[in-house]
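Visitor: This is the structure, below, for whatever I ask next.
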Amino acid sequence: MNSFKPLLYLLPYLWPKKNLNFKIRIILAISFLFLAKGSNVLVPIFLGKTVDSLNDLNQKTILLIIPITLIAAYGISRFLNVGFNELKDALFVKIGQNAIRRVALRVFDHLHNLSLKFHLNRQTGALSRIIDRGISGIEFSIRFLLFSVFPTFLEILLVCIILINLFSWYYSIITFFLISIYIFFTFAMTEWRVKIRKKMNEADNLRGQKSIDSILNYETVKYFNNENYESVGYDKTLEKYETFAIKNAMSLNFLNVGQALIISIGIIGMMILAVFQIKSGIMSIGDFIIVNTYLIQLTIPLNFIGFVYWQIKQSLVDMENMFQLLNEKNEINDFSDSKDLVITNASIKFENVSFNYDQKRSIIKNISFEILPNQTLAIVGPTGAGKSTISKIFFRFYNLDSGSIYIDKQNIKQVTQKSLRKQIAVVPQDTVLFNDTIYYNIAYGDPKTNEEEVYEVAKMAQLHNFIKSLPEGYKTIVGERGLKLSGGEKQRVAIARALLKKPKIFFFDEATSSLDTKTEKEIQKNLEDLSKGITTIVIAHRLSTVVNANMIVVLDKGEIVERGNHNQLLSLNGLYASMWKQQEKNIKNIK
């Protein structure tokens, strides 16, 4: 029963409480299902009685009415079976597709609501495959479980009742034992095959992840001439998948042979019994045809049931994997009484803030600083000092271990995440773009914007002229993760996107690190102009970009070791002064 738990998740989507139209559709679809099966079980009876009526036929024309009527009833029954089935499918298709749509949307939204930690620990390729297989599993289960498995058992029940009433109860007993043995064998074999399928899915996830990882890192592979290394690694995942795929195929062969043997023994037994009863005068030739036709009608769905049960078991495994994503808890949640952030002055205060990604590694250690409204604070320090982590905790990708962060005296932990992020624009150190046009990626900062505003921010980011020089202009596709653009071009797109957001607070995380010196100076001047009147935090590697900051905080090993403006820090002759001298020396050596 645990295997069928995913269906319990699915039921509310198939029977929406507040949608009367869908409920009527379901009731009508089920009604047509019963009518279809009722019509279908009458077909063998009309066929058999037609044969018997032909045996009694003589030269009198009036007697032709009986076989003609039976033949017409036979044809009408077959037509009604098909017609009712088609009506049932037409009614239910909207319900099924709508359920798939709502489940897929819920999973999609839930993944976006999960914490950054979850996504960093997950493999993107495997996650994508889990969702795709889960959606396919839902579609299959809806289509076949409700309108194939259940109707088949209904048809078997009706046939058994008819056989008891028309003929000897021996036929029903044989049919009952035949079906019982068939179902037991099918279920037992399928349980074994599901275990193989799970291992096959795991191997498929690894295969997909390896291929996506390698293709996304195409340039890195080329830089290190590691095509053969990647090929060998990918082949290992293919080999593992191949092993379980072969076991899966061979187990299916064994299942099919076993099912065919059980059905064949049942048919032989019932036909021999019918032959003896015809000889004894208990049954007619028409009755023999009725029994034989019922056996053929039952054989087809029974074979189908074996396939469907196996597919449903596969689908349930795939659905379970996807629904498990919905059970993932978000570590970063708003409180029930959280209010929207209201910014008037945009003052920022870090008070005794500490944060660790895990207990073994301390990142931020009890730091405190304050940014006055409309001022710029720069955070500098050696690599690994914890600079970029500040942007993640400020944006509430993680919860603090201790301490508090305030914006206009409002604790960001006590305001809604949506309102917080709405008013902060971040230019990250590692810019990732959507595989769409340059225009789309810039306009992503405000999807409701117009072309003029997009062009304006592109000019501010020193990007407009470059875009115009491209054959497709703003319609140029940037490629997977922006692969077709250089690091500097991607960073300028990120800057334009942030400017379009028109935030109350700017957060630049190494925003000009990928730019050449000339472009950097031009953009830096624009950013300084734009930052006037807006509270700004700048994380910088190049100290020359922050000399005009109102306050500079120097981090080292997660702690603030110095603070002050550029001249004050130089006069301290400490870590900042040392870093400044080293960078000046490097510039001179380059020249």
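Going by the structure tokens order, chains are called A, B, ..., each with residues numbered from 1, while ligands are numbered from 1 in the order shown.
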Among region 328-403 of chain A, which residues does DSSP mark as alpha helix (DSSP H) when it is run on the backbone? Keep the chain and numbering as in the structure and answer as a list in words.
Guide: Lys387, Ser388, Thr389, Ile390, Ser391, Lys392, Ile393 and Phe394 of chain A
Visitor: Could the residues of region 279-311 of chain A that have an atom at most 10 Å from region 268-275 of chain A be listed as CSV, each with its closest atom pair and the distance in Å to one decimal, counting only C-alpha atoms and ordered by chain and ascending residue number?
Guide:
residue,atom,partner,partner_atom,distance
A:Lys279,CA,A:Val275,CA,6.3
A:Ser280,CA,A:Val275,CA,8.7
A:Gly281,CA,A:Val275,CA,10.0
A:Ile282,CA,A:Ala274,CA,9.1
A:Met283,CA,A:Ala274,CA,7.3
A:Ser284,CA,A:Ala274,CA,9.3
A:Ile285,CA,A:Val275,CA,9.4
A:Asp287,CA,A:Ala274,CA,8.6
A:Phe288,CA,A:Ala274,CA,6.3
A:Ile289,CA,A:Ala274,CA,9.7
A:Val291,CA,A:Ala274,CA,8.0
A:Asn292,CA,A:Met271,CA,7.4
A:Leu295,CA,A:Met270,CA,8.7
Visitor: Include C-alpha atoms and write out the residues we just selected as a PDB file, in the first residue's frame.
Guide:
ATOM      1  CA  LYS A 279     -21.162 -33.224 -27.465  1.00  0.00           C
ATOM      2  CA  SER A 280     -23.555 -33.739 -24.528  1.00  0.00           C
ATOM      3  CA  GLY A 281     -26.034 -31.258 -25.977  1.00  0.00           C
ATOM      4  CA  ILE A 282     -25.661 -28.850 -23.057  1.00  0.00           C
ATOM      5  CA  MET A 283     -24.161 -26.088 -25.248  1.00  0.00           C
ATOM      6  CA  SER A 284     -24.761 -24.996 -28.817  1.00  0.00           C
ATOM      7  CA  ILE A 285     -22.234 -23.853 -31.410  1.00  0.00           C
ATOM      8  CA  ASP A 287     -22.638 -20.814 -26.992  1.00  0.00           C
ATOM      9  CA  PHE A 288     -19.180 -22.116 -27.865  1.00  0.00           C
ATOM     10  CA  ILE A 289     -18.547 -18.908 -29.830  1.00  0.00           C
ATOM     11  CA  VAL A 291     -17.344 -18.519 -24.489  1.00  0.00           C
ATOM     12  CA  ASN A 292     -14.490 -18.273 -26.977  1.00  0.00           C
ATOM     13  CA  LEU A 295     -11.949 -15.518 -23.538  1.00  0.00           C
TER      14      LEU A 295
END
Visitor: Counting only C-alpha atoms, which of A:Leu400, A:Ile196, A:Val342, A:Ile30 gets nearest to Thr416 (chain A)?
Guide: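 Closest candidate: A:Val342.
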Visitor: Nearest residue to Phe79 (chain A) out of A:Lys37, A:Lys501, A:His541, A:Lys349, using only C-alpha atoms?
Guide: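 Of A:Lys37, A:Lys501, A:His541, A:Lys349, the one nearest Phe79 (chain A), counting only C-alpha atoms, is A:Lys37.
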Visitor: Could you check how far CA of Glu528 (chain A) sits from CA of Ser368 (chain A), in Å to one decimal?
Guide: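 Separation of CA of Glu528 (chain A) and CA of Ser368 (chain A): 24.6 Å.
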Visitor: Rounded to one decimal, what separation in Å do you get between CA of Ala461 (chain A) and CA of Ile407 (chain A)?
Guide: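 We find that CA of Ala461 (chain A) and CA of Ile407 (chain A) lie 27.4 Å from each other.
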Visitor: I'd like the contact shell of Val308 (chain A) - 12 Å cut-off, only C-alpha atoms, skipping same-chain residues fewer than 5 positions apart - returned as a PDB file with N, CA and C atoms, in the first residue's frame.
Guide:
ATOM      1  N   GLY A 137       4.928  10.258 -15.257  1.00  0.00           N
ATOM      2  CA  GLY A 137       4.304   9.236 -14.426  1.00  0.00           C
ATOM      3  C   GLY A 137       2.877   9.594 -14.050  1.00  0.00           C
ATOM      4  N   PHE A 140       0.637   9.089 -17.127  1.00  0.00           N
ATOM      5  CA  PHE A 140       0.368   7.680 -17.391  1.00  0.00           C
ATOM      6  C   PHE A 140      -0.618   7.109 -16.373  1.00  0.00           C
ATOM      7  N   SER A 141      -0.401   7.430 -15.091  1.00  0.00           N
ATOM      8  CA  SER A 141      -1.254   6.889 -14.035  1.00  0.00           C
ATOM      9  C   SER A 141      -2.702   7.361 -14.185  1.00  0.00           C
ATOM     10  N   ILE A 142      -2.865   8.637 -14.498  1.00  0.00           N
ATOM     11  CA  ILE A 142      -4.220   9.168 -14.681  1.00  0.00           C
ATOM     12  C   ILE A 142      -4.914   8.469 -15.846  1.00  0.00           C
ATOM     13  N   ARG A 143      -4.204   8.319 -16.932  1.00  0.00           N
ATOM     14  CA  ARG A 143      -4.800   7.773 -18.145  1.00  0.00           C
ATOM     15  C   ARG A 143      -5.146   6.290 -18.001  1.00  0.00           C
ATOM     16  N   PHE A 144      -4.234   5.508 -17.396  1.00  0.00           N
ATOM     17  CA  PHE A 144      -4.399   4.058 -17.411  1.00  0.00           C
ATOM     18  C   PHE A 144      -4.993   3.483 -16.126  1.00  0.00           C
ATOM     19  N   LEU A 145      -4.648   4.049 -14.984  1.00  0.00           N
ATOM     20  CA  LEU A 145      -5.151   3.466 -13.737  1.00  0.00           C
ATOM     21  C   LEU A 145      -6.661   3.633 -13.619  1.00  0.00           C
ATOM     22  N   LEU A 146      -7.132   4.834 -13.888  1.00  0.00           N
ATOM     23  CA  LEU A 146      -8.554   5.117 -13.727  1.00  0.00           C
ATOM     24  C   LEU A 146      -9.392   4.550 -14.862  1.00  0.00           C
ATOM     25  N   PHE A 147      -8.857   4.599 -16.091  1.00  0.00           N
ATOM     26  CA  PHE A 147      -9.669   4.226 -17.242  1.00  0.00           C
ATOM     27  C   PHE A 147      -9.182   2.985 -17.983  1.00  0.00           C
ATOM     28  N   SER A 148      -8.277   2.220 -17.372  1.00  0.00           N
ATOM     29  CA  SER A 148      -7.858   0.952 -17.978  1.00  0.00           C
ATOM     30  C   SER A 148      -7.878  -0.180 -16.965  1.00  0.00           C
ATOM     31  N   VAL A 149      -7.211   0.015 -15.827  1.00  0.00           N
ATOM     32  CA  VAL A 149      -7.138  -1.042 -14.815  1.00  0.00           C
ATOM     33  C   VAL A 149      -8.507  -1.287 -14.195  1.00  0.00           C
ATOM     34  N   PHE A 150      -9.118  -0.243 -13.665  1.00  0.00           N
ATOM     35  CA  PHE A 150     -10.436  -0.396 -13.047  1.00  0.00           C
ATOM     36  C   PHE A 150     -11.472  -0.933 -14.033  1.00  0.00           C
ATOM     37  N   THR A 152     -11.035  -2.825 -16.590  1.00  0.00           N
ATOM     38  CA  THR A 152     -10.727  -4.223 -16.904  1.00  0.00           C
ATOM     39  C   THR A 152     -11.281  -5.153 -15.836  1.00  0.00           C
ATOM     40  N   ILE A 183      -2.720 -12.624 -12.035  1.00  0.00           N
ATOM     41  CA  ILE A 183      -2.456 -11.393 -11.290  1.00  0.00           C
ATOM     42  C   ILE A 183      -1.353 -11.610 -10.257  1.00  0.00           C
ATOM     43  N   THR A 186       1.919 -11.738 -12.072  1.00  0.00           N
ATOM     44  CA  THR A 186       2.271 -10.406 -12.592  1.00  0.00           C
ATOM     45  C   THR A 186       2.746  -9.479 -11.482  1.00  0.00           C
ATOM     46  N   PHE A 187       2.029  -9.479 -10.357  1.00  0.00           N
ATOM     47  CA  PHE A 187       2.407  -8.609  -9.249  1.00  0.00           C
ATOM     48  C   PHE A 187       3.770  -8.993  -8.678  1.00  0.00           C
ATOM     49  N   THR A 190       6.473  -8.011 -11.054  1.00  0.00           N
ATOM     50  CA  THR A 190       6.596  -6.559 -11.151  1.00  0.00           C
ATOM     51  C   THR A 190       7.322  -5.973  -9.948  1.00  0.00           C
ATOM     52  N   PRO A 301      -7.312  -7.556 -22.447  1.00  0.00           N
ATOM     53  CA  PRO A 301      -7.073  -6.665 -21.299  1.00  0.00           C
ATOM     54  C   PRO A 301      -6.154  -7.276 -20.249  1.00  0.00           C
ATOM     55  N   LEU A 302      -6.180  -8.622 -20.107  1.00  0.00           N
ATOM     56  CA  LEU A 302      -5.277  -9.242 -19.134  1.00  0.00           C
ATOM     57  C   LEU A 302      -3.822  -9.038 -19.526  1.00  0.00           C
ATOM     58  N   ASN A 303      -3.525  -9.219 -20.795  1.00  0.00           N
ATOM     59  CA  ASN A 303      -2.171  -8.932 -21.272  1.00  0.00           C
ATOM     60  C   ASN A 303      -1.841  -7.460 -21.068  1.00  0.00           C
ATOM     61  N   LYS A 313       3.585   0.875 -11.776  1.00  0.00           N
ATOM     62  CA  LYS A 313       4.581   0.742 -10.714  1.00  0.00           C
ATOM     63  C   LYS A 313       5.781   1.646 -10.997  1.00  0.00           C
ATOM     64  N   GLN A 314       6.203   1.673 -12.251  1.00  0.00           N
ATOM     65  CA  GLN A 314       7.285   2.583 -12.643  1.00  0.00           C
ATOM     66  C   GLN A 314       6.865   4.025 -12.407  1.00  0.00           C
ATOM     67  N   SER A 315       5.654   4.342 -12.840  1.00  0.00           N
ATOM     68  CA  SER A 315       5.153   5.710 -12.708  1.00  0.00           C
ATOM     69  C   SER A 315       5.051   6.131 -11.247  1.00  0.00           C
ATOM     70  N   LEU A 316       4.613   5.194 -10.392  1.00  0.00           N
ATOM     71  CA  LEU A 316       4.490   5.510  -8.974  1.00  0.00           C
ATOM     72  C   LEU A 316       5.855   5.789  -8.350  1.00  0.00           C
TER      73      LEU A 316
END
Visitor: So, with only C-alpha atoms as the atoms that count, which of A:Gln209, A:Arg106, A:Ala36, A:Met319 lies closest to Ser77 (chain A)?
Guide: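 Looking only at the distances to Ser77 (chain A), the closest residue turns out to be A:Ala36.
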Visitor: Select from region 334-413 of chain A everything DSSP, run on the backbone, classes as strand (DSSP E or B), then give the selection as a PyMOL selection string.
Guide: chain A and resi 339+348-358+361-371+376-380+402-407+410-411
Visitor: List as a ChimeraX atom specification the protein and nucleic acid residues near Arg421 (chain A), meaning an atom at most 10 Å away when only C-alpha atoms are counted, but skip any in the same chain fewer than 6 places from it.
Guide: /A:341,394-396,503,505
Visitor: Can you check which parts of region 271-356 of chain A lie within 12 Å of region 94-104 of chain A? Per residue, the shortest pair of atoms and distance in Å to one decimal, counting only C-alpha atoms, sorted by chain and number, as CSV.
Guide:
residue,atom,partner,partner_atom,distance
A:Met319,CA,A:Val103,CA,10.5
A:Met322,CA,A:Ala104,CA,9.5
A:Phe323,CA,A:Val103,CA,9.2
A:Leu325,CA,A:Ala104,CA,11.4
A:Leu326,CA,A:Val103,CA,10.0
Visitor: Using only C-alpha atoms, pick whichever of A:Val317, A:Val380, A:Leu28, A:Ala443 has the shortest atom-to-atom distance to Pro6 (chain A).
Guide: A:Val317
Visitor: Between A:Gln410, A:Asn256, A:Thr535, A:Asn228, which one has atoms that come closest to Gln375 (chain A), using only C-alpha atoms?
Guide: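 Among A:Gln410, A:Asn256, A:Thr535, A:Asn228, it is A:Thr535 that comes nearest to Gln375 (chain A).
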Visitor: With a distance cut-off of 7 Å and only C-alpha atoms, select the neighbouring residues of Asp401 (chain A), excluding the residue or stretch itself and same-chain residues fewer than 6 positions from it, and output the selection as an MDAnalysis selection string.
Guide: chainID A and resid 354:356
Visitor: Return the single residue from A:Ile246, A:Leu483, A:Ala425, A:Leu14 that is closest to Ile215 (chain A), with distances computed using only C-alpha atoms.
Guide: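 Smallest separation from Ile215 (chain A) among the options: A:Leu483.
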Visitor: Excluding Leu261 (chain A) and any residue of its chain fewer than 5 positions from it, enumerate the residues within 12 Å of it, using only C-alpha atoms, and give them as a PyMOL selection string.
Guide: chain A and resi 178+181-182+185+254-256+266-268+299+303
Visitor: Restricted to C-alpha atoms, what would the selected residues look like written as a PDB file, in the first residue's frame?
Guide:
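result.pdb written:
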ATOM      1  CA  LEU A 178      -6.957 -18.134 -14.237  1.00  0.00           C
ATOM      2  CA  ILE A 181      -2.863 -16.904 -10.859  1.00  0.00           C
ATOM      3  CA  TYR A 182      -2.188 -14.386 -13.629  1.00  0.00           C
ATOM      4  CA  PHE A 185       2.387 -13.887 -11.046  1.00  0.00           C
ATOM      5  CA  PHE A 254      10.341 -13.557 -18.582  1.00  0.00           C
ATOM      6  CA  LEU A 255       7.156 -11.784 -17.470  1.00  0.00           C
ATOM      7  CA  ASN A 256       5.637 -11.937 -20.962  1.00  0.00           C
ATOM      8  CA  GLY A 266      -6.722 -21.377 -19.245  1.00  0.00           C
ATOM      9  CA  ILE A 267      -7.949 -21.170 -22.837  1.00  0.00           C
ATOM     10  CA  ILE A 268      -7.177 -24.835 -23.495  1.00  0.00           C
ATOM     11  CA  THR A 299      -7.120 -12.160 -22.868  1.00  0.00           C
ATOM     12  CA  ASN A 303      -2.171  -8.932 -21.272  1.00  0.00           C
TER      13      ASN A 303
END
Visitor: Need to verify the contact set: Tyr474 (chain A), 7 Å, only C-alpha atoms, exclusion of same-chain residues closer than 5 positions in sequence. Can you return it as JSON, numbers by chain?
Guide: {"A": [437, 438, 439, 467]}
Visitor: Store the residues picked out above, limited to C-alpha atoms, as an mmCIF file, in the first residue's frame.
Guide:
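Wrote again34.cif, looks like this:
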data_model
loop_
_atom_site.group_PDB
_atom_site.id
_atom_site.type_symbol
_atom_site.label_atom_id
_atom_site.label_comp_id
_atom_site.auth_asym_id
_atom_site.auth_seq_id
_atom_site.Cartn_x
_atom_site.Cartn_y
_atom_site.Cartn_z
ATOM 1 C CA THR A 437 18.087 37.262 -25.779
ATOM 2 C CA ILE A 438 20.200 40.078 -24.351
ATOM 3 C CA TYR A 439 17.011 42.144 -24.167
ATOM 4 C CA ILE A 467 24.785 45.344 -28.510
#
